[in-house]
>>> print(open('upload-v2.txt').read())   # compact mmCIF, C-alpha atoms
# COMPACT_ATOMS: atom_id res chain seq x y z
CA GLU A 1 106.73 109.09 66.13
CA LYS A 2 103.82 110.39 64.03
CA SER A 3 101.51 110.19 67.04
CA GLY A 4 103.90 112.27 69.13
CA LEU A 5 103.81 109.66 71.88
CA LEU A 6 107.59 109.38 72.19
CA LYS A 7 108.05 113.15 72.19
CA ASN A 8 105.46 113.64 74.93
CA ALA A 9 106.84 110.75 76.98
CA GLU A 10 110.35 112.19 76.82
CA MET A 11 109.06 115.59 77.89
CA CYS A 12 107.26 114.04 80.87
CA ARG A 13 110.34 112.08 81.83
CA GLU A 14 112.45 115.24 81.88
CA ILE A 15 109.91 117.04 84.10
CA LEU A 16 109.63 114.06 86.46
CA GLU A 17 113.42 114.02 86.78
CA LYS A 18 113.22 117.59 88.11
CA ALA A 19 110.73 116.57 90.83
CA PHE A 20 113.64 115.63 93.07
CA GLU A 21 115.43 118.94 92.69
CA SER A 22 114.90 121.90 95.02
CA SER A 23 113.50 124.10 92.24
CA PHE A 24 110.73 121.81 90.96
CA VAL A 25 107.34 123.24 89.93
CA ALA A 26 104.61 121.15 91.56
CA CYS A 27 101.93 121.74 88.91
CA GLU A 28 104.32 120.71 86.11
CA VAL A 29 105.32 117.52 87.91
CA HIS A 30 101.67 116.75 88.67
CA GLY A 31 100.73 117.12 85.00
CA ALA A 32 103.76 115.13 83.83
CA ALA A 33 102.80 112.24 86.11
CA PHE A 34 99.36 111.95 84.51
CA LEU A 35 100.38 112.64 80.90
CA GLY A 36 103.42 110.40 81.13
CA SER A 37 101.39 107.54 82.59
CA SER A 38 98.77 107.93 79.85
CA CYS A 39 101.49 107.76 77.18
CA LEU A 40 102.91 104.67 78.84
CA ARG A 41 99.51 102.97 78.99
CA ALA A 42 98.75 103.76 75.35
CA PHE A 43 102.07 102.38 74.16
CA ARG A 44 101.96 99.34 76.47
CA LEU A 45 98.47 98.25 75.42
CA GLY A 46 99.10 99.15 71.79
CA ASP A 47 102.11 96.85 71.75
CA ALA A 48 100.59 94.16 73.99
CA ASN A 49 101.01 91.47 71.34
CA GLY A 50 104.18 92.86 69.82
CA THR A 51 107.55 93.04 71.53
CA ALA A 52 106.09 91.46 74.67
CA VAL A 53 105.88 88.24 72.68
CA ASP A 54 108.82 88.72 70.32
CA SER A 55 111.49 91.08 71.65
CA HIS A 56 113.86 90.27 68.78
CA ASN A 57 114.26 92.45 65.70
CA VAL A 58 112.76 95.47 67.46
CA SER A 59 113.29 98.80 65.74
CA PRO A 60 115.47 101.44 67.45
CA THR A 61 112.45 103.74 67.84
CA ILE A 62 110.41 101.08 69.64
CA THR A 63 113.38 100.24 71.85
CA LYS A 64 113.74 103.92 72.73
CA CYS A 65 110.03 104.13 73.55
CA TRP A 66 110.35 101.22 75.97
CA SER A 67 113.44 102.75 77.53
CA VAL A 68 111.64 106.04 78.17
CA CYS A 69 108.57 104.20 79.50
CA SER A 70 110.71 102.14 81.88
CA ARG A 71 112.32 105.30 83.20
CA ILE A 72 108.91 106.92 83.73
CA VAL A 73 107.80 103.89 85.76
CA ASN A 74 110.95 104.16 87.85
CA LEU A 75 110.42 107.89 88.45
CA LEU A 76 106.76 107.44 89.39
CA GLY A 77 107.82 104.84 91.91
CA LYS A 78 110.53 107.11 93.25
CA GLY A 79 107.97 109.90 93.70
CA LEU A 80 105.70 107.85 95.96
CA MET A 81 107.53 109.07 99.08
CA HIS A 82 107.89 112.66 97.87
CA ALA A 83 107.64 115.25 100.66
CA ASP A 84 104.87 116.99 98.70
CA GLU A 85 101.71 114.93 99.28
CA VAL A 86 100.14 116.12 96.01
CA ILE A 87 103.08 114.82 94.00
CA GLY A 88 103.20 111.57 95.97
CA ASN A 89 99.52 110.90 95.30
CA ALA A 90 99.87 111.90 91.64
CA CYS A 91 102.69 109.39 91.20
CA ALA A 92 100.59 106.66 92.82
CA GLN A 93 97.64 107.46 90.57
CA GLY A 94 100.01 107.62 87.61
CA LEU A 95 101.13 104.05 88.27
CA VAL A 96 97.49 102.96 88.43
CA ILE A 97 96.82 104.58 85.06
CA SER A 98 100.00 103.17 83.51
CA PHE A 99 99.21 99.55 84.31
CA SER A 100 95.42 99.46 84.25
CA TYR A 101 93.79 97.37 81.54
CA ASP A 102 90.33 96.97 80.04
CA GLY A 103 89.91 93.21 79.84
CA HIS A 104 89.51 90.58 82.54
CA ASP A 105 93.06 89.24 82.24
CA ALA A 106 96.24 91.28 82.68
CA PRO A 107 98.22 91.75 79.44
CA ILE A 108 101.71 90.27 79.25
CA LEU A 109 104.23 92.60 80.89
CA ASN A 110 106.88 93.57 78.38
CA PRO A 111 110.40 92.44 79.38
CA PHE A 112 111.70 95.94 78.61
CA LEU A 113 109.76 97.15 81.66
CA TYR A 114 111.06 94.57 84.14
CA GLU A 115 113.85 96.69 85.55
CA GLY A 116 111.86 99.93 85.95
CA PHE A 117 108.88 97.98 87.26
CA ALA A 118 110.97 96.17 89.88
CA LEU A 119 112.48 99.44 91.09
CA ALA A 120 109.01 101.02 91.29
CA LEU A 121 107.71 98.06 93.31
CA ASN A 122 110.69 98.38 95.63
CA GLU A 123 109.87 102.06 96.20
CA LEU A 124 106.20 101.19 96.69
CA ASN A 125 107.16 98.63 99.31
CA SER A 126 109.16 101.27 101.21
CA ALA A 127 106.33 103.82 100.89
CA LEU A 128 103.75 101.38 102.27
CA LYS A 129 105.92 100.73 105.28
CA LYS A 130 106.65 104.44 105.83
CA PHE A 131 103.05 105.65 105.76
CA ASN A 132 101.94 102.76 107.96
CA SER A 133 104.58 103.44 110.60
CA ILE A 134 103.95 105.19 113.91
CA ASP A 135 105.95 108.27 112.96
CA HIS A 136 104.41 108.82 109.50
CA ALA A 137 101.01 107.12 109.68
CA ASP A 138 98.84 108.58 106.90
CA PRO A 139 95.66 106.66 105.95
CA THR A 140 95.03 108.84 102.89
CA ARG A 141 98.42 108.23 101.31
CA ALA A 142 98.35 104.62 102.40
CA SER A 143 95.03 104.16 100.59
CA THR A 144 96.38 105.43 97.26
CA LEU A 145 99.48 103.28 97.67
CA ILE A 146 97.42 100.18 98.41
CA ARG A 147 95.39 100.65 95.24
CA ALA A 148 98.57 101.13 93.22
CA ALA A 149 100.03 97.97 94.76
CA GLY A 150 97.03 95.90 93.66
CA VAL A 151 97.27 97.16 90.08
CA LEU A 152 101.04 96.66 89.86
CA LEU A 153 100.93 93.16 91.33
CA ALA A 154 98.19 92.17 88.88
CA ALA A 155 99.95 93.73 85.89
CA SER A 156 103.26 92.00 86.65
CA THR A 157 101.85 88.49 87.07
CA SER A 158 103.28 87.30 83.76
CA GLY A 159 106.74 88.47 84.84
CA ALA A 160 106.76 86.73 88.21
CA GLY A 161 110.03 84.88 88.70
CA SER A 162 111.68 86.63 85.76
CA ARG A 163 115.01 88.36 86.05
CA SER A 164 115.99 91.71 84.60
CA ASN A 165 118.07 91.84 81.42
CA THR A 166 120.59 93.93 83.38
CA GLU A 167 122.89 91.97 85.68
CA ASP A 168 123.71 94.85 88.02
CA VAL A 169 120.09 95.70 88.85
CA SER A 170 119.57 96.06 92.60
CA VAL A 171 116.25 94.20 92.77
CA ASP A 172 114.49 91.66 90.56
CA LEU A 173 110.80 91.60 89.74
CA GLY A 174 109.94 88.35 91.54
CA PRO A 175 111.37 89.30 94.97
CA ALA A 176 109.96 92.83 94.65
CA ARG A 177 106.46 91.38 94.13
CA LEU A 178 106.77 89.20 97.22
CA GLN A 179 108.00 92.12 99.33
CA CYS A 180 105.14 94.30 98.13
CA THR A 181 102.61 91.59 98.97
CA GLU A 182 104.12 91.28 102.45
CA ALA A 183 103.89 95.07 102.86
CA LEU A 184 100.18 94.91 101.98
CA PHE A 185 99.52 92.35 104.69
CA SER A 186 101.51 94.42 107.18
CA ILE A 187 99.04 97.29 106.70
CA LEU A 188 96.52 95.32 108.73
CA GLY A 189 97.05 96.18 112.37
CA GLY A 190 99.53 98.95 111.56
CA ALA A 191 99.46 102.57 112.68
CA ALA A 192 97.60 103.82 109.60
CA TYR A 193 95.05 101.01 109.94
CA ARG A 194 94.39 101.99 113.55
CA LYS A 195 93.50 105.49 112.30
CA ASP A 196 91.22 104.16 109.55
CA GLU A 197 90.11 100.54 109.72
CA GLU A 198 88.54 100.79 106.26
CA LEU A 199 92.04 100.35 104.88
CA SER A 200 91.41 96.64 105.33
CA LEU A 201 88.84 96.85 102.50
CA ALA A 202 91.41 98.48 100.22
CA VAL A 203 93.94 95.77 101.07
CA GLY A 204 91.36 93.09 100.31
CA GLU A 205 90.56 94.64 96.93
CA ALA A 206 94.26 94.93 96.08
CA LEU A 207 94.92 91.29 96.92
CA ALA A 208 91.81 90.22 94.98
CA ALA A 209 93.06 92.06 91.89
CA TYR A 210 96.44 90.39 92.37
CA ALA A 211 94.91 86.92 92.67
CA ASP A 212 92.52 87.37 89.73
CA ALA A 213 94.99 88.80 87.22
CA PHE A 214 94.61 85.77 84.98
CA GLY A 215 91.04 84.50 84.89
CA ASN A 216 91.88 81.63 82.51
CA ALA A 217 94.22 79.90 84.96
CA LYS A 218 93.89 76.11 85.18
CA TRP A 219 93.41 74.66 88.63
CA SER A 220 94.09 71.12 89.80
CA ASN A 221 90.39 70.50 90.45
CA GLU A 222 89.26 71.99 87.14
CA SER A 223 87.45 68.82 86.04
CA GLU A 224 85.54 68.47 89.28
CA ILE A 225 81.84 69.24 89.06
CA TRP A 226 80.87 71.71 91.77
CA PRO A 227 77.32 71.73 93.22
CA ASP A 228 75.01 74.59 92.32
>>> encode(input="upload-v2.txt", output="structure tokens")
Amino acid sequence: EKSGLLKNAEMCREILEKAFESSFVACEVHGAAFLGSSCLRAFRLGDANGTAVDSHNVSPTITKCWSVCSRIVNLLGKGLMHADEVIGNACAQGLVISFSYDGHDAPILNPFLYEGFALALNELNSALKKFNSIDHADPTRASTLIRAAGVLLAASTSGAGSRSNTEDVSVDLGPARLQCTEALFSILGGAAYRKDEELSLAVGEALAAYADAFGNAKWSNESEIWPD
């Protein structure tokens, strides 16, 4: 509370909620996407070894912070298919900021974010399919979505196979990850790809980030000595 993080996050959430109304102000939504994602990243990384490991005995303020952050993730995902391209791209970049990390390995995804994260991945999956279709093929928007997909898939590796704490949630994190991965592969050979074949490089980078989210993984042939 002293840092003002919760206050700023709540303000951004309120502005992002208005993005889907007819009277939204584009510059406000654009700014809220970037500020809100920065707040989310700061809180997520600051608490990387806190409630992500022990979600019991969490203070009401911390719980509220996670609730607001989860809603911001959901709203950023919802904004990916916004009619205004500037807002759609800002939401995609906001998701990249929110779940980027400095180290080699992805931090543990906090369980409080599972529901919002799964919903955002579901929206991302739909957006990838839309902007790779014949009617809405858009290589520029597809490129920003592909990058966001790589970051989200990498960041959610620790939550793969986990279920949301809420029973009535429409989509779980594990299935949403698989659908998003399938949507990435479907980019290759799609309408957007035929307009810009360099999208294949973006897809490759996204899948590489996804596969290398945990560099300390143990493989079955770990003890084998490989030739120089």
>>> atom_distance(input="upload-v2.txt", atom1="CA of His82 in chain A", atom2="CA of Glu123 in chain A")
10.9 Å
>>> closest_residue(input="upload-v2.txt", among="A:Gly116, A:Gly4, A:Gly88, A:Pro60", to="Ala176 in chain A", atoms="all atoms listed in the file")
A:Gly116
>>> atom_distance(input="upload-v2.txt", atom1="CA of Val25 in chain A", atom2="CA of Thr140 in chain A")
23.0 Å
>>> atom_distance(input="upload-v2.txt", atom1="CA of Lys18 in chain A", atom2="CA of Pro175 in chain A")
29.2 Å
>>> residues_around(input="upload-v2.txt", residues="Phe43 in chain A", least_positions_apart="3", cutoff="10 Å", atoms="all atoms listed in the file", output="VMD selection string")
chain A and resid 5 to 6 37 to 40 46 to 48 62 65 to 66 69 98
>>> closest_residue(input="upload-v2.txt", among="A:Ala160, A:Ala106, A:Leu178, A:Ala191", to="Ala137 in chain A", atoms="all atoms listed in the file")
A:Ala191
>>> residues_near_point(input="upload-v2.txt", point="(110.2, 117.5, 90.2)", cutoff="10 Å", atoms="only C-alpha atoms", output="mmCIF file with C-alpha atoms, keeping the file's coordinate frame")
data_model
loop_
_atom_site.group_PDB
_atom_site.id
_atom_site.type_symbol
_atom_site.label_atom_id
_atom_site.label_comp_id
_atom_site.auth_asym_id
_atom_site.auth_seq_id
_atom_site.Cartn_x
_atom_site.Cartn_y
_atom_site.Cartn_z
ATOM 1 C CA ARG A 13 110.340 112.080 81.830
ATOM 2 C CA GLU A 14 112.450 115.240 81.880
ATOM 3 C CA ILE A 15 109.910 117.040 84.100
ATOM 4 C CA LEU A 16 109.630 114.060 86.460
ATOM 5 C CA GLU A 17 113.420 114.020 86.780
ATOM 6 C CA LYS A 18 113.220 117.590 88.110
ATOM 7 C CA ALA A 19 110.730 116.570 90.830
ATOM 8 C CA PHE A 20 113.640 115.630 93.070
ATOM 9 C CA GLU A 21 115.430 118.940 92.690
ATOM 10 C CA SER A 22 114.900 121.900 95.020
ATOM 11 C CA SER A 23 113.500 124.100 92.240
ATOM 12 C CA PHE A 24 110.730 121.810 90.960
ATOM 13 C CA VAL A 25 107.340 123.240 89.930
ATOM 14 C CA ALA A 26 104.610 121.150 91.560
ATOM 15 C CA CYS A 27 101.930 121.740 88.910
ATOM 16 C CA GLU A 28 104.320 120.710 86.110
ATOM 17 C CA VAL A 29 105.320 117.520 87.910
ATOM 18 C CA HIS A 30 101.670 116.750 88.670
ATOM 19 C CA ALA A 32 103.760 115.130 83.830
ATOM 20 C CA ALA A 33 102.800 112.240 86.110
ATOM 21 C CA LEU A 75 110.420 107.890 88.450
ATOM 22 C CA GLY A 79 107.970 109.900 93.700
ATOM 23 C CA HIS A 82 107.890 112.660 97.870
ATOM 24 C CA ILE A 87 103.080 114.820 94.000
#
>>> residues_near_point(input="upload-v2.txt", point="(102.3, 108.6, 100.1)", cutoff="12 Å", atoms="all atoms listed in the file", output="PDB file with C-alpha atoms, keeping the file's coordinate frame")
ATOM      1  CA  LEU A  76     106.760 107.440  89.390  1.00  0.00           C
ATOM      2  CA  GLY A  77     107.820 104.840  91.910  1.00  0.00           C
ATOM      3  CA  LYS A  78     110.530 107.110  93.250  1.00  0.00           C
ATOM      4  CA  GLY A  79     107.970 109.900  93.700  1.00  0.00           C
ATOM      5  CA  LEU A  80     105.700 107.850  95.960  1.00  0.00           C
ATOM      6  CA  MET A  81     107.530 109.070  99.080  1.00  0.00           C
ATOM      7  CA  HIS A  82     107.890 112.660  97.870  1.00  0.00           C
ATOM      8  CA  ALA A  83     107.640 115.250 100.660  1.00  0.00           C
ATOM      9  CA  ASP A  84     104.870 116.990  98.700  1.00  0.00           C
ATOM     10  CA  GLU A  85     101.710 114.930  99.280  1.00  0.00           C
ATOM     11  CA  VAL A  86     100.140 116.120  96.010  1.00  0.00           C
ATOM     12  CA  ILE A  87     103.080 114.820  94.000  1.00  0.00           C
ATOM     13  CA  GLY A  88     103.200 111.570  95.970  1.00  0.00           C
ATOM     14  CA  ASN A  89      99.520 110.900  95.300  1.00  0.00           C
ATOM     15  CA  ALA A  90      99.870 111.900  91.640  1.00  0.00           C
ATOM     16  CA  CYS A  91     102.690 109.390  91.200  1.00  0.00           C
ATOM     17  CA  ALA A  92     100.590 106.660  92.820  1.00  0.00           C
ATOM     18  CA  GLN A  93      97.640 107.460  90.570  1.00  0.00           C
ATOM     19  CA  GLU A 123     109.870 102.060  96.200  1.00  0.00           C
ATOM     20  CA  LEU A 124     106.200 101.190  96.690  1.00  0.00           C
ATOM     21  CA  ASN A 125     107.160  98.630  99.310  1.00  0.00           C
ATOM     22  CA  SER A 126     109.160 101.270 101.210  1.00  0.00           C
ATOM     23  CA  ALA A 127     106.330 103.820 100.890  1.00  0.00           C
ATOM     24  CA  LEU A 128     103.750 101.380 102.270  1.00  0.00           C
ATOM     25  CA  LYS A 129     105.920 100.730 105.280  1.00  0.00           C
ATOM     26  CA  LYS A 130     106.650 104.440 105.830  1.00  0.00           C
ATOM     27  CA  PHE A 131     103.050 105.650 105.760  1.00  0.00           C
ATOM     28  CA  ASN A 132     101.940 102.760 107.960  1.00  0.00           C
ATOM     29  CA  SER A 133     104.580 103.440 110.600  1.00  0.00           C
ATOM     30  CA  HIS A 136     104.410 108.820 109.500  1.00  0.00           C
ATOM     31  CA  ALA A 137     101.010 107.120 109.680  1.00  0.00           C
ATOM     32  CA  ASP A 138      98.840 108.580 106.900  1.00  0.00           C
ATOM     33  CA  PRO A 139      95.660 106.660 105.950  1.00  0.00           C
ATOM     34  CA  THR A 140      95.030 108.840 102.890  1.00  0.00           C
ATOM     35  CA  ARG A 141      98.420 108.230 101.310  1.00  0.00           C
ATOM     36  CA  ALA A 142      98.350 104.620 102.400  1.00  0.00           C
ATOM     37  CA  SER A 143      95.030 104.160 100.590  1.00  0.00           C
ATOM     38  CA  THR A 144      96.380 105.430  97.260  1.00  0.00           C
ATOM     39  CA  LEU A 145      99.480 103.280  97.670  1.00  0.00           C
ATOM     40  CA  ILE A 146      97.420 100.180  98.410  1.00  0.00           C
ATOM     41  CA  ARG A 147      95.390 100.650  95.240  1.00  0.00           C
ATOM     42  CA  ALA A 148      98.570 101.130  93.220  1.00  0.00           C
ATOM     43  CA  ALA A 192      97.600 103.820 109.600  1.00  0.00           C
TER      44      ALA A 192
END
>>> closest_residue(input="upload-v2.txt", among="A:Ile134, A:Thr61, A:Ser70, A:Val151", to="Phe99 in chain A", atoms="only C-alpha atoms")
A:Val151
